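Scroll down for the structure; my scribbles are underneath it.
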Amino acid sequence: MTRPVARSPSTYRCNPLPELIDGRGICLLRHFGSELAGMTVRQGAQRWLYQVLAAYLEVPVDQVRIARTATGKPWLPEHAWLRFNLTHSGDLAAIALCREHEVGVDLEMVSGKVAVKQSIAQRFFHPEEQRWLALDEADYLARFTQLWSLKEAWLKARGTGLTQSLASFCVIPQAGSSGVVHVRQDAPSGRGQIHYCQVQGQGRFCLAYGAIVESPQSSVQWQLSCHQTQSDGFTPIVYEQSDVEISLANEPVAPVST
């Protein structure tokens, strides 16, 4: 049994955080309900991020110092070993964390018009991704949103944002890949695997998260955990994901090798 990392229920109002050890990444998923008390989801997600970082660093929340690189990637100058990333969409938010390896996470709601998404894909996506999207017109919105979340997660892990061309790398989900995409890019810059799944809550969302590793011998194990507050009875349904177990209430999460 692993040692709980979050020590103060007043700091993190749910079950103890999963232990963050070398070679493991953690993705925390949270639904924001009535506890926002006048805040936006973005403000609530930012506050949650500070609480989570404080718990892992074992410091008071007001001692967490977040800086940004020249390209806008957030990092911890006083605790550079802890890498993290935050995303939110609709009433959901997610945080990715890892020791030493750069991470990225993105959450997108499936919405919009197919014609608009097709125009974006034709202008900005890798040619192979455009062909993959065209294979299933009936589910185009969901497939486009999944690709977009995968690409955003990778760019956020690299810290480049949209300064890197979306067409310079390819993240097509392969049949039988069990929710893992191997990133293929034109110019080598680390290796990575991006995990993905879809979350059915108050809407349909695509979630993607992953880490960059420098060595072919390195890998990062991931676990996906659902945060629940004492007052939140919301239970998201995670589907189309066979290699991650979700943690609800007091159920343990089993790490999965990739």
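Naming scheme: A, B, ... for chains in displayed order of the structure tokens; residues 1 onward per chain; ligands 1 onward as shown.
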Practice item. Give the alpha helix (DSSP H) residues of region 8-253 of chain A, as assigned by DSSP on the backbone, as a PyMOL selection string. Key: chain A and resi 41-57+114-124+127-133+140-158
Point to revise | Backbone DSSP call of strand (DSSP E or B) for region 37-178 of chain A, listed as a PyMOL selection string | key: chain A and resi 67-68+74-75+82-89+92-99+103-109+169-170
Point to revise | Counting only C-alpha atoms, the option among A:Cys206, A:Phe169, A:Pro60, A:Ala96 closest to Trp148 (chain A) | key: A:Cys206
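Restricting the calculation to only C-alpha atoms, the smallest distance between Leu166 (chain A) and any of A:His182, A:Trp132, A:Pro127, A:Arg68 is found for A:Pro127.
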Exercise for review: Could you check which of A:Lys151, A:Arg131, A:Lys73, A:Arg99 is closest to Gln164 (chain A), using only C-alpha atoms?
Suggested key: A:Lys151
Point to revise | 8 Å contact set for Ile66 (chain A), only C-alpha atoms, chain neighbours under 2 positions out, as a PyMOL selection string | key: chain A and resi 64+68+74-77
Exercise for review: Would you mind listing what lies within 7 Å of region 32-49 of chain A as a list in words, with only C-alpha atoms counted and same-chain residues fewer than 4 positions away left out?
Suggested key: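 The residues satisfying every condition are Leu53, His88, Asp91, Leu92, Ala93 and Asp232 of chain A.
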Go ahead and save the picked residues with C-alpha atoms, as a PDB file, in the first residue's frame.
```
ATOM      1  CA  LEU A  53       0.858  21.247  -6.003  1.00  0.00           C
ATOM      2  CA  HIS A  88     -10.275  22.846 -18.360  1.00  0.00           C
ATOM      3  CA  ASP A  91     -17.337  22.141 -16.125  1.00  0.00           C
ATOM      4  CA  LEU A  92     -14.401  19.706 -16.104  1.00  0.00           C
ATOM      5  CA  ALA A  93     -10.698  20.229 -15.404  1.00  0.00           C
ATOM      6  CA  ASP A 232     -20.064  16.307  -5.386  1.00  0.00           C
TER       7      ASP A 232
END
```
Review point. Nearest to Gly72 (chain A): which of A:Gln146, A:Gln221, A:Ser111, A:Thr163 is it, counting only C-alpha atoms?
Key: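 Selected residue with least distance to Gly72 (chain A): A:Thr163.
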Exercise for review: Pick out the closest residue to Val181 (chain A) from this set: A:Gly104, A:Pro18, A:Gly210, A:Gly23. Count only C-alpha atoms.
Suggested key: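 For Val181 (chain A), the nearest of the candidates is A:Gly210.
Nearest residue to Thr87 (chain A), choosing from A:Ile212, A:Cys27, A:Ala138, A:Ala54 and counting only C-alpha atoms: A:Cys27.
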Revision key, fill the gap. One decimal place gives the CA of Ile26 (chain A)-CA of Arg83 (chain A) separation as 10.7 Å
Practice item. Tell me, as a PyMOL selection string, which residues lie within 7 Å of Leu150 (chain A), counting only C-alpha atoms; anything in the same chain fewer than 6 positions away does not count. Key: chain A and resi 171+194+208
